[in-house]
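See below for query.cif, which holds mmCIF, C-alpha atoms.
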```
data_start
loop_
_atom_site.label_atom_id
_atom_site.label_comp_id
_atom_site.auth_asym_id
_atom_site.auth_seq_id
_atom_site.Cartn_x
_atom_site.Cartn_y
_atom_site.Cartn_z
CA MET A 1 -78.55 125.34 -8.06
CA ILE A 2 -81.43 127.72 -8.71
CA ARG A 3 -81.72 131.16 -10.19
CA VAL A 4 -83.38 133.54 -7.75
CA ASN A 5 -84.72 136.97 -8.55
CA ILE A 6 -83.23 139.70 -6.36
CA VAL A 7 -86.62 140.39 -4.74
CA ASP A 8 -86.88 136.76 -3.59
CA LEU A 9 -83.32 136.61 -2.28
CA LYS A 10 -83.16 136.00 1.48
CA PRO A 11 -80.28 136.33 3.97
CA GLY A 12 -78.73 132.94 4.68
CA MET A 13 -78.94 131.65 1.10
CA VAL A 14 -75.58 130.50 -0.28
CA LEU A 15 -74.30 131.75 -3.64
CA ALA A 16 -73.72 129.02 -6.22
CA GLN A 17 -71.97 131.40 -8.63
CA SER A 18 -70.09 134.59 -7.98
CA VAL A 19 -71.96 137.84 -8.54
CA GLN A 20 -70.52 140.63 -10.65
CA ASN A 21 -71.79 144.06 -11.55
CA HIS A 22 -72.24 145.06 -15.18
CA GLN A 23 -68.61 146.15 -15.40
CA GLY A 24 -67.40 142.78 -14.26
CA VAL A 25 -66.31 143.89 -10.79
CA LEU A 26 -66.68 141.04 -8.33
CA LEU A 27 -69.35 141.84 -5.75
CA LEU A 28 -69.44 138.52 -3.94
CA ASP A 29 -67.74 135.14 -4.33
CA ALA A 30 -69.49 131.83 -4.92
CA GLY A 31 -70.04 129.90 -1.68
CA THR A 32 -70.80 133.02 0.36
CA LYS A 33 -73.75 133.06 2.71
CA ILE A 34 -75.78 136.12 1.79
CA THR A 35 -76.51 138.84 4.34
CA LYS A 36 -79.02 141.68 4.35
CA LYS A 37 -76.24 144.10 3.46
CA ASN A 38 -75.18 142.00 0.46
CA ILE A 39 -78.73 142.16 -0.88
CA ARG A 40 -78.70 145.93 -0.46
CA ILE A 41 -75.43 146.13 -2.36
CA PHE A 42 -76.77 143.88 -5.17
CA LYS A 43 -79.80 146.12 -5.49
CA SER A 44 -77.70 149.26 -5.60
CA TRP A 45 -75.61 147.71 -8.39
CA GLY A 46 -78.71 146.77 -10.34
CA VAL A 47 -78.19 143.01 -10.09
CA VAL A 48 -81.36 141.31 -11.40
CA ASP A 49 -80.93 137.71 -10.32
CA VAL A 50 -78.30 135.43 -8.77
CA SER A 51 -77.64 131.69 -8.55
CA VAL A 52 -77.94 130.12 -5.13
CA LYS A 53 -77.29 126.61 -3.90
CA GLY A 54 -80.08 124.17 -3.22
CA GLU A 55 -83.29 122.83 -4.69
CA LEU A 56 -86.34 124.89 -5.38
CA ASN A 57 -88.31 123.85 -2.31
CA GLU A 58 -85.26 123.85 -0.06
CA SER A 59 -84.58 127.46 -0.77
CA LYS A 60 -87.57 128.51 1.24
CA THR A 61 -85.47 127.44 4.28
CA ALA A 62 -88.31 125.37 5.67
CA ALA A 63 -87.06 124.17 9.03
CA GLU A 64 -87.34 120.49 9.85
CA THR A 65 -87.70 121.11 13.55
CA PRO A 66 -90.63 123.15 14.75
CA VAL A 67 -89.64 126.77 15.25
CA ALA A 68 -90.79 126.84 18.87
CA GLU A 69 -88.38 124.04 19.72
CA VAL A 70 -85.43 125.77 18.07
CA LYS A 71 -86.31 128.98 19.90
CA ASP A 72 -86.31 127.16 23.21
CA SER A 73 -82.90 125.65 22.63
CA VAL A 74 -81.40 128.98 21.52
CA GLU A 75 -82.75 130.58 24.66
CA MET A 76 -81.49 127.79 26.89
CA GLU A 77 -78.00 127.93 25.44
CA LEU A 78 -77.89 131.67 25.91
CA LYS A 79 -79.11 131.40 29.51
CA ALA A 80 -76.44 128.82 30.29
CA LYS A 81 -73.75 131.14 28.91
CA PHE A 82 -74.98 134.06 31.00
CA SER A 83 -75.72 131.98 34.11
CA ASP A 84 -72.94 133.46 36.27
CA VAL A 85 -73.36 137.09 35.30
CA LEU A 86 -77.09 137.85 35.31
CA ASP A 87 -76.95 139.53 38.70
CA ASP A 88 -75.59 142.54 36.80
CA PRO A 89 -78.49 144.62 35.42
CA VAL A 90 -76.44 145.69 32.37
CA MET A 91 -75.77 142.03 31.58
CA VAL A 92 -79.53 141.44 31.66
CA GLU A 93 -79.89 144.14 29.00
CA ILE A 94 -77.11 142.55 26.93
CA PHE A 95 -78.78 139.16 27.34
CA ASN A 96 -82.14 140.52 26.15
CA ALA A 97 -80.62 142.29 23.16
CA ALA A 98 -78.69 139.16 22.12
CA ARG A 99 -81.79 137.00 22.46
CA LYS A 100 -83.72 139.36 20.23
CA GLN A 101 -80.99 139.26 17.56
CA LEU A 102 -80.63 135.48 17.66
CA MET A 103 -84.40 135.00 17.37
CA LYS A 104 -84.47 137.27 14.33
CA ASP A 105 -82.16 134.87 12.50
CA LEU A 106 -84.48 131.92 12.97
CA PRO A 107 -86.75 131.03 10.06
CA LYS A 108 -90.28 132.29 10.47
CA ASN A 109 -93.34 130.26 9.64
CA MET B 1 -45.42 115.25 37.56
CA LYS B 2 -43.74 117.87 35.42
CA LYS B 3 -42.82 121.03 37.19
CA ARG B 4 -45.11 123.87 36.24
CA ILE B 5 -43.51 126.85 34.65
CA ARG B 6 -45.02 129.90 36.25
CA ASP B 7 -43.28 132.57 34.28
CA PRO B 8 -44.92 133.11 30.89
CA LYS B 9 -41.75 134.76 29.65
CA LYS B 10 -40.00 131.41 30.00
CA ILE B 11 -42.66 129.82 27.86
CA ILE B 12 -42.16 132.34 25.11
CA ASP B 13 -38.41 131.77 25.36
CA ARG B 14 -38.89 128.03 25.13
CA ILE B 15 -40.78 128.40 21.90
CA ASP B 16 -37.94 128.99 19.49
CA ASP B 17 -40.02 128.81 16.38
CA LEU B 18 -42.54 131.35 17.51
CA PRO B 19 -44.01 132.81 14.36
CA THR B 20 -42.44 135.99 13.09
CA LEU B 21 -44.18 138.54 10.96
CA PRO B 22 -43.12 138.66 7.32
CA ARG B 23 -40.43 141.22 6.62
CA THR B 24 -42.71 143.05 4.21
CA VAL B 25 -45.29 143.66 6.90
CA LEU B 26 -42.67 144.99 9.32
CA LYS B 27 -41.35 147.28 6.60
CA ILE B 28 -44.86 148.48 5.85
CA THR B 29 -45.54 149.18 9.53
CA GLU B 30 -42.40 151.27 9.59
CA LEU B 31 -43.41 153.24 6.50
CA VAL B 32 -46.92 153.85 7.77
CA ASN B 33 -45.55 155.20 11.05
CA ASP B 34 -43.19 157.54 9.23
CA PRO B 35 -44.93 160.81 8.39
CA LYS B 36 -42.48 161.47 5.58
CA SER B 37 -43.29 158.36 3.56
CA SER B 38 -45.47 158.69 0.48
CA ALA B 39 -47.98 156.45 -1.24
CA LYS B 40 -45.28 155.72 -3.80
CA ASP B 41 -42.83 154.45 -1.14
CA LEU B 42 -45.49 152.19 0.27
CA ALA B 43 -46.54 150.95 -3.17
CA GLY B 44 -42.91 150.05 -3.88
CA VAL B 45 -42.74 147.71 -0.91
CA ILE B 46 -46.11 146.11 -1.60
CA THR B 47 -45.52 145.47 -5.30
CA ASP B 48 -42.33 143.58 -4.39
CA ASP B 49 -44.60 140.95 -2.90
CA GLN B 50 -46.90 139.42 -5.47
CA ILE B 51 -49.22 137.76 -3.00
CA LEU B 52 -49.78 140.94 -1.02
CA THR B 53 -50.37 142.84 -4.23
CA ALA B 54 -52.98 140.35 -5.41
CA ARG B 55 -54.71 140.39 -2.05
CA LEU B 56 -54.80 144.13 -1.81
CA LEU B 57 -56.32 144.50 -5.26
CA LYS B 58 -58.84 141.77 -4.55
CA LEU B 59 -59.92 143.52 -1.38
CA VAL B 60 -60.28 147.02 -2.78
CA ASN B 61 -62.32 145.61 -5.64
CA SER B 62 -64.58 143.60 -3.34
CA SER B 63 -68.01 144.63 -2.17
CA PHE B 64 -66.54 145.56 1.23
CA TYR B 65 -65.41 148.85 -0.25
CA GLY B 66 -68.05 148.96 -2.97
CA LEU B 67 -66.09 151.30 -5.22
CA PRO B 68 -67.67 152.35 -8.49
CA GLN B 69 -64.70 151.55 -10.70
CA ARG B 70 -62.11 148.80 -10.85
CA ILE B 71 -58.81 149.65 -9.16
CA SER B 72 -55.90 148.06 -10.97
CA THR B 73 -52.83 149.65 -9.39
CA VAL B 74 -51.44 149.45 -5.88
CA THR B 75 -50.92 153.22 -5.74
CA GLY B 76 -54.56 153.69 -6.66
CA ALA B 77 -55.58 151.36 -3.86
CA ILE B 78 -53.43 153.19 -1.30
CA VAL B 79 -54.81 156.57 -2.27
CA LEU B 80 -58.35 155.25 -1.99
CA ILE B 81 -58.32 153.34 1.25
CA GLY B 82 -55.49 155.05 3.13
CA PHE B 83 -52.21 154.11 4.79
CA ASP B 84 -53.56 152.80 8.07
CA ALA B 85 -56.17 150.69 6.38
CA ILE B 86 -53.50 149.10 4.19
CA ARG B 87 -51.22 148.39 7.13
CA ASN B 88 -54.05 146.81 9.07
CA LEU B 89 -55.24 144.81 6.13
CA LEU B 90 -51.81 143.37 5.50
CA LEU B 91 -51.23 142.70 9.19
CA THR B 92 -54.55 140.89 9.35
CA THR B 93 -53.99 138.63 6.39
CA SER B 94 -50.40 137.88 7.46
CA VAL B 95 -51.44 136.89 10.96
CA PHE B 96 -54.08 134.60 9.51
CA ASP B 97 -51.43 132.99 7.33
CA LEU B 98 -48.97 132.48 10.15
CA PHE B 99 -51.31 130.26 12.01
CA ALA B 100 -52.92 128.46 9.13
CA ASP B 101 -52.00 124.98 8.00
CA ARG B 102 -49.49 124.21 10.71
CA ASN B 103 -51.54 121.60 12.42
CA ARG B 104 -54.23 120.03 10.31
CA LYS B 105 -55.82 118.19 13.18
CA GLY B 106 -56.42 121.31 15.15
CA GLN B 107 -57.50 123.27 12.15
CA GLN B 108 -61.21 123.06 12.66
CA LYS B 109 -60.88 124.13 16.25
CA GLN B 110 -58.55 126.90 15.24
CA GLU B 111 -61.06 128.18 12.73
CA LYS B 112 -63.63 128.57 15.47
CA TYR B 113 -61.15 130.63 17.46
CA TRP B 114 -60.60 132.80 14.44
CA ASP B 115 -64.31 133.22 14.00
CA HIS B 116 -64.45 134.38 17.59
CA SER B 117 -61.60 136.80 16.92
CA LEU B 118 -63.31 138.04 13.80
CA GLY B 119 -66.56 138.52 15.74
CA CYS B 120 -64.69 140.51 18.37
CA ALA B 121 -62.95 142.56 15.68
CA VAL B 122 -66.26 143.41 14.04
CA GLY B 123 -67.71 144.20 17.48
CA ALA B 124 -64.83 146.54 18.32
CA LYS B 125 -65.25 148.28 14.98
CA VAL B 126 -69.01 148.71 15.37
CA ILE B 127 -68.76 149.92 18.99
CA GLY B 128 -65.98 152.28 17.89
CA ASN B 129 -68.24 153.64 15.17
CA TYR B 130 -71.08 154.07 17.61
CA LEU B 131 -68.80 156.04 19.94
CA ARG B 132 -67.28 157.98 17.01
CA HIS B 133 -63.83 156.73 17.87
CA ASP B 134 -61.19 158.16 15.55
CA ASN B 135 -59.33 154.95 14.71
CA ILE B 136 -61.77 152.24 13.72
CA GLU B 137 -59.23 150.22 11.72
CA GLU B 138 -57.00 149.87 14.74
CA LEU B 139 -59.89 148.72 16.92
CA PHE B 140 -60.65 146.07 14.33
CA VAL B 141 -57.08 144.75 14.44
CA ALA B 142 -57.06 144.87 18.25
CA GLY B 143 -60.22 142.76 18.34
CA LEU B 144 -58.74 140.33 15.90
CA LEU B 145 -55.57 139.87 17.93
CA HIS B 146 -57.00 140.03 21.46
CA ASP B 147 -56.91 136.23 21.94
CA ILE B 148 -53.71 135.54 20.02
CA GLY B 149 -52.27 134.06 23.23
CA LYS B 150 -54.80 131.24 23.06
CA ILE B 151 -53.59 130.26 19.61
CA VAL B 152 -49.98 130.29 20.82
CA GLU B 153 -50.90 128.03 23.75
CA MET B 154 -52.85 125.71 21.53
CA MET B 155 -50.04 125.34 19.01
CA PHE B 156 -46.97 125.43 21.18
CA GLN B 157 -48.12 123.90 24.44
CA PRO B 158 -50.58 121.30 23.18
CA ASP B 159 -50.33 119.05 26.25
CA GLU B 160 -50.87 121.79 28.79
CA PHE B 161 -53.55 123.27 26.60
CA SER B 162 -55.51 120.04 26.49
CA LYS B 163 -55.50 120.03 30.30
CA VAL B 164 -56.99 123.50 30.22
CA VAL B 165 -59.64 122.35 27.76
CA ALA B 166 -60.45 119.36 29.99
CA ALA B 167 -60.81 121.61 33.04
CA ILE B 168 -63.15 123.91 31.14
CA SER B 169 -65.47 121.10 30.13
CA ARG B 170 -65.29 119.49 33.58
CA GLU B 171 -65.95 122.61 35.60
CA ASN B 172 -67.71 124.81 33.04
CA ILE B 173 -65.52 127.82 33.76
CA LEU B 174 -64.01 130.65 31.71
CA MET B 175 -60.81 129.81 29.87
CA ILE B 176 -58.85 132.50 31.70
CA ALA B 177 -59.83 130.93 35.04
CA ALA B 178 -58.76 127.47 33.85
CA GLU B 179 -55.46 128.82 32.51
CA ASN B 180 -54.61 130.61 35.75
CA LYS B 181 -55.41 127.51 37.72
CA ILE B 182 -53.62 124.96 35.57
CA LEU B 183 -50.84 126.85 33.80
CA GLY B 184 -50.29 129.63 36.28
CA HIS B 185 -50.46 132.14 33.44
CA ASN B 186 -53.08 133.12 30.89
CA HIS B 187 -53.56 133.98 27.24
CA ALA B 188 -53.55 137.72 27.89
CA GLU B 189 -50.00 137.50 29.28
CA ILE B 190 -48.81 135.23 26.48
CA GLY B 191 -50.44 137.47 23.88
CA LYS B 192 -48.72 140.51 25.34
CA LEU B 193 -45.31 138.84 25.09
CA LEU B 194 -45.93 137.84 21.49
CA ALA B 195 -47.11 141.33 20.57
CA GLU B 196 -43.97 142.78 22.15
CA LYS B 197 -41.81 140.35 20.26
CA TRP B 198 -43.50 141.44 17.05
CA ASN B 199 -42.94 145.12 17.91
CA LEU B 200 -46.62 145.90 17.50
CA PRO B 201 -47.72 149.43 18.48
CA ALA B 202 -47.97 150.03 22.25
CA LYS B 203 -51.70 150.47 21.96
CA LEU B 204 -52.20 146.97 20.58
CA ILE B 205 -49.93 145.46 23.22
CA GLN B 206 -51.90 147.12 26.02
CA ILE B 207 -55.26 146.06 24.60
CA ILE B 208 -54.18 142.44 24.17
CA ALA B 209 -52.72 142.39 27.69
CA HIS B 210 -55.71 143.96 29.40
CA HIS B 211 -58.84 142.98 27.53
CA HIS B 212 -60.09 141.28 30.68
CA GLN B 213 -59.19 144.24 32.94
CA PRO B 214 -59.39 147.35 30.81
CA ASP B 215 -58.93 149.77 33.72
CA VAL B 216 -55.22 148.90 34.02
CA ALA B 217 -54.49 149.57 30.33
CA GLY B 218 -53.26 153.09 31.12
CA SER B 219 -53.75 155.60 28.33
CA PHE B 220 -55.40 152.93 26.16
CA ALA B 221 -58.05 152.02 28.72
CA MET B 222 -60.81 153.27 26.43
CA GLU B 223 -59.74 150.99 23.56
CA ALA B 224 -59.25 148.04 25.93
CA ALA B 225 -62.77 148.68 27.25
CA ILE B 226 -64.17 148.61 23.71
CA VAL B 227 -62.51 145.26 22.98
CA HIS B 228 -63.67 143.95 26.37
CA LEU B 229 -67.27 144.79 25.50
CA ALA B 230 -66.91 143.47 21.95
CA ASP B 231 -65.69 140.16 23.40
CA ILE B 232 -68.88 139.92 25.48
CA PHE B 233 -71.16 140.88 22.58
CA CYS B 234 -69.70 138.45 20.06
CA ARG B 235 -69.93 135.58 22.55
CA ALA B 236 -73.54 136.49 23.25
CA LEU B 237 -74.23 136.42 19.49
CA ASN B 238 -72.60 132.98 19.05
CA MET B 239 -69.85 134.24 16.74
CA GLY B 240 -67.24 131.47 16.74
CA PHE B 241 -65.97 129.89 19.93
CA GLY B 242 -63.72 131.57 22.47
CA GLY B 243 -62.71 128.33 24.18
CA ASP B 244 -65.49 128.15 26.77
CA ASN B 245 -69.24 128.52 27.00
CA LYS B 246 -69.30 131.43 29.39
CA ILE B 247 -69.69 135.16 29.13
CA PRO B 248 -66.91 137.01 30.98
CA PRO B 249 -68.21 139.35 33.71
CA LEU B 250 -68.70 142.92 32.56
CA ASP B 251 -66.05 145.24 33.90
CA ARG B 252 -67.72 148.15 35.72
CA PHE B 253 -65.06 150.59 34.68
CA ALA B 254 -65.42 149.62 31.02
CA TRP B 255 -69.19 150.01 30.98
CA GLU B 256 -69.21 153.31 32.83
CA SER B 257 -66.41 154.87 30.84
CA LEU B 258 -67.90 154.02 27.44
CA LYS B 259 -71.29 155.53 28.33
CA ILE B 260 -73.23 153.38 25.91
CA GLN B 261 -76.97 153.67 26.45
CA THR B 262 -78.81 150.43 26.93
CA SER B 263 -80.86 151.29 23.86
CA GLY B 264 -77.62 151.33 21.86
CA ILE B 265 -76.85 147.67 22.63
CA GLU B 266 -79.48 146.43 20.20
CA SER B 267 -78.40 148.58 17.29
CA ILE B 268 -74.74 147.69 17.86
CA MET B 269 -75.58 143.99 17.85
CA GLU B 270 -77.67 144.27 14.72
CA THR B 271 -74.87 146.00 12.82
CA MET B 272 -72.39 143.46 14.16
CA GLN B 273 -74.38 140.60 12.70
CA ASP B 274 -74.66 142.26 9.29
CA GLU B 275 -70.96 143.08 9.11
CA TYR B 276 -69.78 139.75 10.49
CA GLY B 277 -71.41 137.95 7.58
CA ASP B 278 -69.88 140.32 5.07
CA ILE B 279 -66.39 140.24 6.41
CA ARG B 280 -66.16 136.48 6.76
CA SER B 281 -66.78 136.19 3.07
CA PHE B 282 -63.77 138.27 2.07
CA ILE B 283 -61.23 137.27 4.68
CA SER B 284 -61.56 133.52 4.25
#
```
Show me this structure written as structure tokens.
Amino acid sequence: MIRVNIVDLKPGMVLAQSVQNHQGVLLLDAGTKITKKNIRIFKSWGVVDVSVKGELNESKTAAETPVAEVKDSVEMELKAKFSDVLDDPVMVEIFNAARKQLMKDLPKN
Amino acid sequence: MKKRIRDPKKIIDRIDDLPTLPRTVLKITELVNDPKSSAKDLAGVITDDQILTARLLKLVNSSFYGLPQRISTVTGAIVLIGFDAIRNLLLTTSVFDLFADRNRKGQQKQEKYWDHSLGCAVGAKVIGNYLRHDNIEELFVAGLLHDIGKIVEMMFQPDEFSKVVAAISRENILMIAAENKILGHNHAEIGKLLAEKWNLPAKLIQIIAHHHQPDVAGSFAMEAAIVHLADIFCRALNMGFGGDNKIPPLDRFAWESLKIQTSGIESIMETMQDEYGDIRSFIS
């Protein structure tokens, strides 16, 4: 467990302790994977730091596998799912939008 | 070989212990539909059930609503989040309960189905918001329940269901195609029968029945089209597992009637991903 300042908090980190505002209202339970919106809410409640799971170096979400490889497999899986429907131009748009979103979630290096 | 039962109605009849909704939820549905009922009437029914009361207060005090002060009474909660939202919230948590814990072996698989349902619910809500639909809460519940027939098949027809699963992995086809081929009926038909048995609103019944063919959903074709599209989006975004690794073909009618611009797809998906993360943390 490590204490992370709100400015260093990244989506995907997992809370080790629940987060409350200064009045004691529960904002988020322990064990929750943090999203961008959660971070926004913490900031708006003036939360300074939170406890997340993991070791100090792990928290940087350094990927074991090279990013390019992960990207390829995400793309391949998505293509396989869409394989029967890509003759529809709207489906091509949906495919492209989904690929963009899924790539955004991958760790950057 | 066992004779195949073609009529899904017979299957529902065969299942004597088909889950029923808790009496409290039925009572609440009734109250919400009655224009003469007050927040006090509704609070009376909810406070009779300690678990529902605890859940409701936990939810209104969670970050999902992000209210500035702590709400400690049921009446306060009702006034703040509204009748429909309360009904849908209670329906949601009760349906989750009904299907939890019954079969520990299948639990992990079941969870993935629920994640898919949750993804579709979030998708329907976000698309509804984008289109400025006037009943977002209902779209959320419709998304959540759209595949309820699959859960019924999995739990009450485990042998037939495993044949469907085998056919999907052998032939890499959509679940609905495998069901039609092997069972002679599909989850949309089973879901419709269950929804009727539960006396759910006509709108929900139609959406569950026609999420693969929204154009035949009559006056609820628009809502069925939204859930149809949400189903495609959440599969594309890897939210849970809908039983197969395919994307269902896009229904022309659905796409054309919703008039979503292609530029809107990206922003809808981005919001879906944000909200999916949030909502999973409070429902589980």
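You will find CA of Lys40 (chain B) at 9.9 Å from CA of Gly76 (chain B).
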Distance-based interface of chain A with chain B, 9 Å, counting only C-alpha atoms, as an MDAnalysis selection string: chainID A and resid 23:29 31:38 41 77:78 80:85 88 90:91 93:102
Take the selection from the previous step and output its residues with C-alpha atoms, as a compact mmCIF listing (two decimals), keeping the file's coordinate frame.
```txt
# COMPACT_ATOMS: atom_id res chain seq x y z
CA GLN A 23 -68.61 146.15 -15.40
CA GLY A 24 -67.40 142.78 -14.26
CA VAL A 25 -66.31 143.89 -10.79
CA LEU A 26 -66.68 141.04 -8.33
CA LEU A 27 -69.35 141.84 -5.75
CA LEU A 28 -69.44 138.52 -3.94
CA ASP A 29 -67.74 135.14 -4.33
CA GLY A 31 -70.04 129.90 -1.68
CA THR A 32 -70.80 133.02 0.36
CA LYS A 33 -73.75 133.06 2.71
CA ILE A 34 -75.78 136.12 1.79
CA THR A 35 -76.51 138.84 4.34
CA LYS A 36 -79.02 141.68 4.35
CA LYS A 37 -76.24 144.10 3.46
CA ASN A 38 -75.18 142.00 0.46
CA ILE A 41 -75.43 146.13 -2.36
CA GLU A 77 -78.00 127.93 25.44
CA LEU A 78 -77.89 131.67 25.91
CA ALA A 80 -76.44 128.82 30.29
CA LYS A 81 -73.75 131.14 28.91
CA PHE A 82 -74.98 134.06 31.00
CA SER A 83 -75.72 131.98 34.11
CA ASP A 84 -72.94 133.46 36.27
CA VAL A 85 -73.36 137.09 35.30
CA ASP A 88 -75.59 142.54 36.80
CA VAL A 90 -76.44 145.69 32.37
CA MET A 91 -75.77 142.03 31.58
CA GLU A 93 -79.89 144.14 29.00
CA ILE A 94 -77.11 142.55 26.93
CA PHE A 95 -78.78 139.16 27.34
CA ASN A 96 -82.14 140.52 26.15
CA ALA A 97 -80.62 142.29 23.16
CA ALA A 98 -78.69 139.16 22.12
CA ARG A 99 -81.79 137.00 22.46
CA LYS A 100 -83.72 139.36 20.23
CA GLN A 101 -80.99 139.26 17.56
CA LEU A 102 -80.63 135.48 17.66
```
Which residues, named as in the file, does the PyMOL selection byres ((chain B and resi 128) around 10) pick out? Answer as a PDB file with C-alpha atoms, in the frame of the given file.
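And here's part03.pdb as it stands now:
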```
ATOM      1  CA  VAL B 122     -66.260 143.410  14.040  1.00  0.00           C
ATOM      2  CA  GLY B 123     -67.710 144.200  17.480  1.00  0.00           C
ATOM      3  CA  ALA B 124     -64.830 146.540  18.320  1.00  0.00           C
ATOM      4  CA  LYS B 125     -65.250 148.280  14.980  1.00  0.00           C
ATOM      5  CA  VAL B 126     -69.010 148.710  15.370  1.00  0.00           C
ATOM      6  CA  ILE B 127     -68.760 149.920  18.990  1.00  0.00           C
ATOM      7  CA  ASN B 129     -68.240 153.640  15.170  1.00  0.00           C
ATOM      8  CA  TYR B 130     -71.080 154.070  17.610  1.00  0.00           C
ATOM      9  CA  LEU B 131     -68.800 156.040  19.940  1.00  0.00           C
ATOM     10  CA  ARG B 132     -67.280 157.980  17.010  1.00  0.00           C
ATOM     11  CA  HIS B 133     -63.830 156.730  17.870  1.00  0.00           C
ATOM     12  CA  ASP B 134     -61.190 158.160  15.550  1.00  0.00           C
ATOM     13  CA  ASN B 135     -59.330 154.950  14.710  1.00  0.00           C
ATOM     14  CA  ILE B 136     -61.770 152.240  13.720  1.00  0.00           C
ATOM     15  CA  GLU B 137     -59.230 150.220  11.720  1.00  0.00           C
ATOM     16  CA  GLU B 138     -57.000 149.870  14.740  1.00  0.00           C
ATOM     17  CA  LEU B 139     -59.890 148.720  16.920  1.00  0.00           C
ATOM     18  CA  PHE B 140     -60.650 146.070  14.330  1.00  0.00           C
ATOM     19  CA  GLU B 223     -59.740 150.990  23.560  1.00  0.00           C
ATOM     20  CA  ILE B 226     -64.170 148.610  23.710  1.00  0.00           C
ATOM     21  CA  VAL B 227     -62.510 145.260  22.980  1.00  0.00           C
ATOM     22  CA  ALA B 230     -66.910 143.470  21.950  1.00  0.00           C
ATOM     23  CA  LEU B 258     -67.900 154.020  27.440  1.00  0.00           C
ATOM     24  CA  ILE B 268     -74.740 147.690  17.860  1.00  0.00           C
TER      25      ILE B 268
END
```
Distance query 6 Å from (-70.4, 128.2, -7.3) using all atoms listed in the file, result as a list in words: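 Here the neighbourhood of the point contains Ala16, Gln17, Ala30 and Gly31 of chain A.
Of the residues listed (B:Ala209, B:Ile28, B:Leu204, B:Leu194), B:Leu194 shows the shortest atom-to-atom separation from Ile151 (chain B); distances use all atoms listed in the file.
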Residues within 12 Å of (-46.6, 141.4, -2.1), counting all atoms listed in the file, listed as an NGL selection string: :B and (22-25 or 27-28 or 42-57 or 74 or 90 or 93-94)
Coordinates-based distance that separates CA of Trp114 (chain B) from CA of Val165 (chain B) (Å, one decimal):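 So the two atoms, CA of Val165 (chain B) and CA of Trp114 (chain B), lie 17.0 Å apart.
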Expected selection from the PyMOL selection byres ((chain B and resi 241) around 6), given as a list of chain:residue names: B:Lys112, B:Tyr113, B:His116, B:Gly240, B:Gly242, B:Gly243
Separation of CA of Ala142 (chain B) from CA of Val216 (chain B), in Å and rounded to one decimal: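 Interatomic distance here is 16.4 Å.
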For Asp115 (chain B), the nearest of the candidates B:Glu189, B:Glu160, B:Asp147, B:Asp13, counting all atoms listed in the file: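 Distance minimum relative to Asp115 (chain B) lands on B:Asp147.
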Nearest candidate to Val52 (chain A) (options A:Leu106, A:Ile6, A:Val67, A:Val74; using all atoms listed in the file):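 Ranking A:Leu106, A:Ile6, A:Val67, A:Val74 by distance to Val52 (chain A), first place goes to A:Ile6.
The set of residues that the PyMOL selection byres ((chain A and resi 10) around 10) takes from this file is Val4, Ile6, Val7, Asp8, Leu9, Pro11, Gly12, Met13, Val14, Lys33, Ile34, Thr35, Lys36, Ile39, Ser59, Lys60 and Thr61 of chain A.
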Kindly output region 20-30 of chain B as an mmCIF file, in the coordinates of the input, after building N, CA and C atoms.
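What ended up in rebuild-v7.cif:
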```
data_model
loop_
_atom_site.group_PDB
_atom_site.id
_atom_site.type_symbol
_atom_site.label_atom_id
_atom_site.label_comp_id
_atom_site.auth_asym_id
_atom_site.auth_seq_id
_atom_site.Cartn_x
_atom_site.Cartn_y
_atom_site.Cartn_z
ATOM 1 N N THR B 20 -42.864 134.599 13.249
ATOM 2 C CA THR B 20 -42.440 135.990 13.090
ATOM 3 C C THR B 20 -43.262 136.602 11.967
ATOM 4 N N LEU B 21 -43.431 137.882 12.026
ATOM 5 C CA LEU B 21 -44.180 138.540 10.960
ATOM 6 C C LEU B 21 -43.313 138.642 9.715
ATOM 7 N N PRO B 22 -43.905 138.526 8.550
ATOM 8 C CA PRO B 22 -43.120 138.660 7.320
ATOM 9 C C PRO B 22 -42.425 140.017 7.281
ATOM 10 N N ARG B 23 -41.228 140.006 6.707
ATOM 11 C CA ARG B 23 -40.430 141.220 6.620
ATOM 12 C C ARG B 23 -41.199 142.370 5.948
ATOM 13 N N THR B 24 -41.951 142.013 4.924
ATOM 14 C CA THR B 24 -42.710 143.050 4.210
ATOM 15 C C THR B 24 -43.660 143.796 5.145
ATOM 16 N N VAL B 25 -44.322 143.031 6.015
ATOM 17 C CA VAL B 25 -45.290 143.660 6.900
ATOM 18 C C VAL B 25 -44.591 144.587 7.895
ATOM 19 N N LEU B 26 -43.427 144.143 8.393
ATOM 20 C CA LEU B 26 -42.670 144.990 9.320
ATOM 21 C C LEU B 26 -42.239 146.281 8.611
ATOM 22 N N LYS B 27 -41.792 146.124 7.394
ATOM 23 C CA LYS B 27 -41.350 147.280 6.600
ATOM 24 C C LYS B 27 -42.523 148.248 6.375
ATOM 25 N N ILE B 28 -43.687 147.647 6.097
ATOM 26 C CA ILE B 28 -44.860 148.480 5.850
ATOM 27 C C ILE B 28 -45.275 149.230 7.124
ATOM 28 N N THR B 29 -45.219 148.530 8.260
ATOM 29 C CA THR B 29 -45.540 149.180 9.530
ATOM 30 C C THR B 29 -44.635 150.390 9.746
ATOM 31 N N GLU B 30 -43.366 150.186 9.451
ATOM 32 C CA GLU B 30 -42.400 151.270 9.590
ATOM 33 C C GLU B 30 -42.779 152.472 8.700
#
```
